[in-house]
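Engineer: Pasting a structure below so you can have a look.
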Amino acid sequence: MPTISASGLAQLLGDWRDDGPALRALADRVRLLLLDGRVLSGSRLPAERELAAAVGVSRTTVAAAYARLRDSGHLRSVRGSGSVITLPTGSRSGSAEPLTAAGGLVNLTRAVLPAAPVLAGAARAAAEDLLAHLPGDGYELLGVPSLRAALAERYTARGLPTAPEEVLVTLGAQHAVGLLCRAFLAPGDRVLVESPGYPYAVDAARGVGGRPVAVPVTAGTGDTPGGWDEEALEDAFARTRPALAYLMPGFQNPTGAVMPPALRHRVVELARRYGTRLVVDETTNDLALDGPVPPPFPADAVHVGSAAKSLWGGLRIGWVRADAATVQHAAAHRTPWELGTPVLEQLVVARCLPQLDDVLVDRCGELRQRRDVLSAELAAALPEWDVPHVPGGLALWVRLPTATSSALALAAQRHGVLLTPGPRFGVDGAFERYLRLPFGADAGTLRTVVVPALARAWRDTGAVAPVSRRLEVIV
């Protein structure tokens with residue numbers, strides 16, 4: 001059973017106080033840490049006296065907060081183990097909801113779109129294709145040949161000559177990143193990651209004992225395009241010699257930044273110099289809204305891709321493009337945890353790939369309209385928020401005037417919108433002044449439901465309170 005120390009929980013809690021009762025604010029913030037994945041369900045919380053000392057309140061306050069969590073089903077007492085935090089049965093976890101959740105909640109915890117229309121016909125055709133696979137055992141550790149060939153052909157057309165044996169099909173990009181971490185990291189290895197960045201990549205590295213090394217990424221503003229701090233990148237490589245580096249260079253999650261070609265080549269040089277395996281996640285790379293699709297990363301990298309953003313997350317199909325030896329080594333680490341990727345879903349994606357460019361034209365058109373609607377509505381309703389213009393991807397990385405992202409996420413849920421607060425995207429709980437706002441929901445929902453709910457939640461947080469300088473984040 002994982003245990004959270006009092007000092008560790010205090011760091012995750014950050015500036016948890018608001019204008020209401022301390023017991024309620026403390027309970028709400030602990031619950032939020034559970035819902036957005038910063039504290040794992042089944043973890044043992046620190047003793048009341050220890051947490052009280054760590055956060056500077058009385059033991060009575062902590063005891064009352066724990067009692068509130070027990071009443072809501074988020075905490076249970078286990079003999080010999082103390083207080084264990086847990087998701088209650090039937091809980092609407094912020095990490096497990098569709099775009100429109102039960103009870104009318106609009107879910108913005110995932111940057112996703114509904115299924116592309118092409119999927120219906122592809123699924124019917126794939127069902128026929130499946131007949132030829134039924135005589136086999138169905139365990140495809142590397143992926144079905146037709147999908148591996150189609151993916152190799154697409155990489156080759158982008159300028160990266162690829163053979164089918166250099167493609168491994170996975171259960172989505174998240175699974176691909178986790179598999180690469182299992183295959184190529186040892187406990188104690190340094191892993192270069194972006195901050196803010198994709199939280200599940202950090203989770204995957206930590207899950208095998210890796211030690212994340214954060215490199216800043218900034219969102220664009222009217223004066224600057226934002227992006228990666230080149231000096232910090234070079235320093236991180238030289239200082240820590242990471243075993244693995246995870247980057248999302250095309251419409252980075254959550255900032256929307258795009259890494260320029262010169263910096264891509266510089267990163268490849270640094271990886272070669274320090275013996276670092278470079279993993280490049282291109283999940284959002286095709287979602288260019290204002291210009292051409294970013295060029296492919298130089299071939300030295302291990303490329304990760306996914307059908308989730310372009311076609312549909314429900315397919316759970318991702319892939320790794322690498323040299324054949326890397327593909328074989330990664331595939332060997334699939335067992336004994338899982339024995340391959342479902343055949344039918346692979347056949348669906350194989351049917352869709354020849355039409356993918358046309359699909360992306362329509363998808364990017366939808367996203368462009370929704371981005372523009374959300375940006376305009378936020379400017380009108382919440383002019384004090386700093387809303388960047390993103391050239392692609394699925395979300396805005398909004399800078400708030402005050403360090404109240406977690407409090408705002410709690411308030412927004414009371415008004416019918418599920419959000420992931422900024423600290424979920426940081427390595428050590430930073431980014432309380434930031435909020436990721438996906439624009440995958442339809443324009444009407446964004447205009448009439450999401451932005452009004454955000455405005456009401458913003459008023460609820462008492463956002464005119466002064467900001468503690470120690471919580472300001474410079475990124």
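In the structure tokens, chains take the letters A, B, ... in the order shown, each chain's residues start at 1, and ligands count up from 1 in the order shown.
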Using backbone DSSP assignments, extract all helix (DSSP H, G or I) residues from range 227-301 of chain A; output them as a PyMOL selection string.

Structural biologist: chain A and resi 230-240+261-274

Engineer: Any chance you could list, as a PyMOL selection string, the residues in range 161-393 of chain A that come up strand (DSSP E or B) when DSSP is run on the backbone?

Structural biologist: chain A and resi 167-170+190-195+211-218+227-228+244-247+277-281+288+302-306+318-321+386+392

Engineer: Identify, on the basis of only C-alpha atoms, every residue whose closest approach to Asp290 in chain A does not exceed 10 Å; exclude the query and any residue fewer than 3 positions from it along the same chain; express the result as a list in words.

Structural biologist: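 Final neighbour list, sorted by chain and number: Leu287, Val293, Cys364, Gly365, Arg368, Val390, Pro391 and Gly392 of chain A.
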
Engineer: Let's have the selection written as a PDB file, in the first residue's frame, with N, CA and C atoms.

Structural biologist:
ATOM      1  N   LEU A 287      -2.583  17.910 -35.860  1.00  0.00           N
ATOM      2  CA  LEU A 287      -3.703  18.832 -35.614  1.00  0.00           C
ATOM      3  C   LEU A 287      -3.254  20.283 -35.803  1.00  0.00           C
ATOM      4  N   VAL A 293       1.455  21.167 -41.187  1.00  0.00           N
ATOM      5  CA  VAL A 293       1.791  20.200 -40.140  1.00  0.00           C
ATOM      6  C   VAL A 293       3.293  20.292 -39.872  1.00  0.00           C
ATOM      7  N   CYS A 364      -9.517  19.373 -38.291  1.00  0.00           N
ATOM      8  CA  CYS A 364      -8.846  20.636 -37.974  1.00  0.00           C
ATOM      9  C   CYS A 364      -9.775  21.828 -38.208  1.00  0.00           C
ATOM     10  N   GLY A 365     -10.665  21.714 -39.198  1.00  0.00           N
ATOM     11  CA  GLY A 365     -11.651  22.778 -39.404  1.00  0.00           C
ATOM     12  C   GLY A 365     -12.578  22.912 -38.207  1.00  0.00           C
ATOM     13  N   ARG A 368     -10.538  24.388 -35.284  1.00  0.00           N
ATOM     14  CA  ARG A 368     -10.242  25.811 -35.480  1.00  0.00           C
ATOM     15  C   ARG A 368     -11.433  26.666 -35.053  1.00  0.00           C
ATOM     16  N   VAL A 390      -3.134  29.438 -29.830  1.00  0.00           N
ATOM     17  CA  VAL A 390      -2.377  28.227 -30.144  1.00  0.00           C
ATOM     18  C   VAL A 390      -2.567  27.890 -31.619  1.00  0.00           C
ATOM     19  N   PRO A 391      -1.470  27.528 -32.318  1.00  0.00           N
ATOM     20  CA  PRO A 391      -1.566  27.231 -33.754  1.00  0.00           C
ATOM     21  C   PRO A 391      -2.068  25.832 -34.062  1.00  0.00           C
ATOM     22  N   GLY A 392      -2.254  25.014 -33.035  1.00  0.00           N
ATOM     23  CA  GLY A 392      -2.721  23.657 -33.259  1.00  0.00           C
ATOM     24  C   GLY A 392      -2.935  22.937 -31.946  1.00  0.00           C
TER      25      GLY A 392
END

Engineer: Can you measure CA of Pro135 in chain A to CA of Ala308 in chain A for me? One decimal in Å is fine.

Structural biologist: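 That distance, rounded to one decimal, is 29.0 Å.
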
Engineer: For Leu33 in chain A, which of A:Arg70, A:Asp229, A:Gly422, A:Leu446 is the closest residue, counting only C-alpha atoms?

Structural biologist: A:Gly422

Engineer: For each of A:Gly305, A:Gly440, A:Pro2, A:Gly340, take the minimum atom-to-atom distance to Gln369 in chain A, counting only C-alpha atoms, then give the residue where this is smallest.

Structural biologist: A:Gly440

Engineer: Fewer than 2 positions away in the same chain doesn't count, so skip those; otherwise give me all residues within 9 Å of range 239-246 of chain A, counting only C-alpha atoms, as a PDB file with C-alpha atoms, in the first residue's frame.

Structural biologist:
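Saved result, result.pdb, follows:
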ATOM      1  CA  VAL A 177       5.313   5.413 -23.463  1.00  0.00           C
ATOM      2  CA  CYS A 181       9.921   3.068 -19.919  1.00  0.00           C
ATOM      3  CA  PHE A 184      14.721   0.940 -21.347  1.00  0.00           C
ATOM      4  CA  LEU A 185      14.797   2.365 -17.816  1.00  0.00           C
ATOM      5  CA  ALA A 186      16.333   1.018 -14.625  1.00  0.00           C
ATOM      6  CA  ASP A 189      17.733   6.488 -14.185  1.00  0.00           C
ATOM      7  CA  ARG A 190      17.181  10.136 -15.025  1.00  0.00           C
ATOM      8  CA  VAL A 191      14.353  10.930 -17.441  1.00  0.00           C
ATOM      9  CA  LEU A 192      14.122  14.321 -19.134  1.00  0.00           C
ATOM     10  CA  VAL A 193      10.502  15.523 -19.317  1.00  0.00           C
ATOM     11  CA  GLU A 194       8.704  18.748 -20.201  1.00  0.00           C
ATOM     12  CA  ALA A 201       4.651  10.198 -19.166  1.00  0.00           C
ATOM     13  CA  VAL A 202       5.967  11.359 -15.792  1.00  0.00           C
ATOM     14  CA  PRO A 212      12.167  13.001 -13.805  1.00  0.00           C
ATOM     15  CA  VAL A 213      14.267  16.014 -14.791  1.00  0.00           C
ATOM     16  CA  GLU A 234      21.365  21.768 -22.878  1.00  0.00           C
ATOM     17  CA  ASP A 235      22.011  22.121 -19.159  1.00  0.00           C
ATOM     18  CA  ALA A 236      19.676  19.214 -18.308  1.00  0.00           C
ATOM     19  CA  PHE A 237      21.388  16.896 -20.786  1.00  0.00           C
ATOM     20  CA  MET A 248       6.102  16.330 -27.527  1.00  0.00           C
ATOM     21  CA  ALA A 271      20.932  12.834 -27.190  1.00  0.00           C
ATOM     22  CA  TYR A 274      25.067  11.888 -23.783  1.00  0.00           C
ATOM     23  CA  GLY A 275      23.739   8.455 -24.768  1.00  0.00           C
ATOM     24  CA  THR A 276      20.095   9.382 -24.248  1.00  0.00           C
ATOM     25  CA  ARG A 277      17.244   7.458 -25.856  1.00  0.00           C
ATOM     26  CA  LEU A 278      14.993  10.101 -27.388  1.00  0.00           C
ATOM     27  CA  VAL A 279      11.230   9.393 -27.326  1.00  0.00           C
ATOM     28  CA  VAL A 280       9.104  11.782 -29.383  1.00  0.00           C
ATOM     29  CA  ASP A 281       5.323  11.757 -28.892  1.00  0.00           C
TER      30      ASP A 281
END

Engineer: Quick one: pull the distance between CA of Leu418 in chain A and CA of Leu108 in chain A, Å, one decimal.

Structural biologist: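 Interatomic distance here is 5.5 Å.
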
Engineer: Here is a test: counting only C-alpha atoms, which residue of A:Thr404, A:Leu410, A:Val84, A:Gly104 is nearest to Arg24 in chain A?

Structural biologist: A:Leu410

Engineer: I need the residue nearest Ala127 in chain A from this list: A:Leu247, A:Val343, A:Ala262, A:Ala152. Use only C-alpha atoms for the distance.

Structural biologist: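 Of all the options, A:Val343 lies closest to Ala127 in chain A.
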
Engineer: Which residues are close to range 348-350 of chain A, i.e. within 9 Å by only C-alpha atoms, leaving aside same-chain residues fewer than 6 positions away? Reply as number ranges by chain.

Structural biologist: A: 119, 122-127, 146-151, 307, 311, 315, 317

Engineer: Pick the closest to Thr448 in chain A from A:Val373, A:Ala411, A:Ala47, A:Ile85: which is it, counting only C-alpha atoms?

Structural biologist: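 The shortest atom-to-atom distance to Thr448 in chain A comes from A:Val373.
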
Engineer: Of the residues A:Ala115, A:Ala22, A:Ala204, A:Leu32, which is the one nearest to Arg59 in chain A, using only C-alpha atoms?

Structural biologist: A:Ala22

Engineer: Would you mind reading off the distance between CA of Arg433 in chain A and CA of Val215 in chain A, one decimal, in Å?

Structural biologist: 18.0 Å
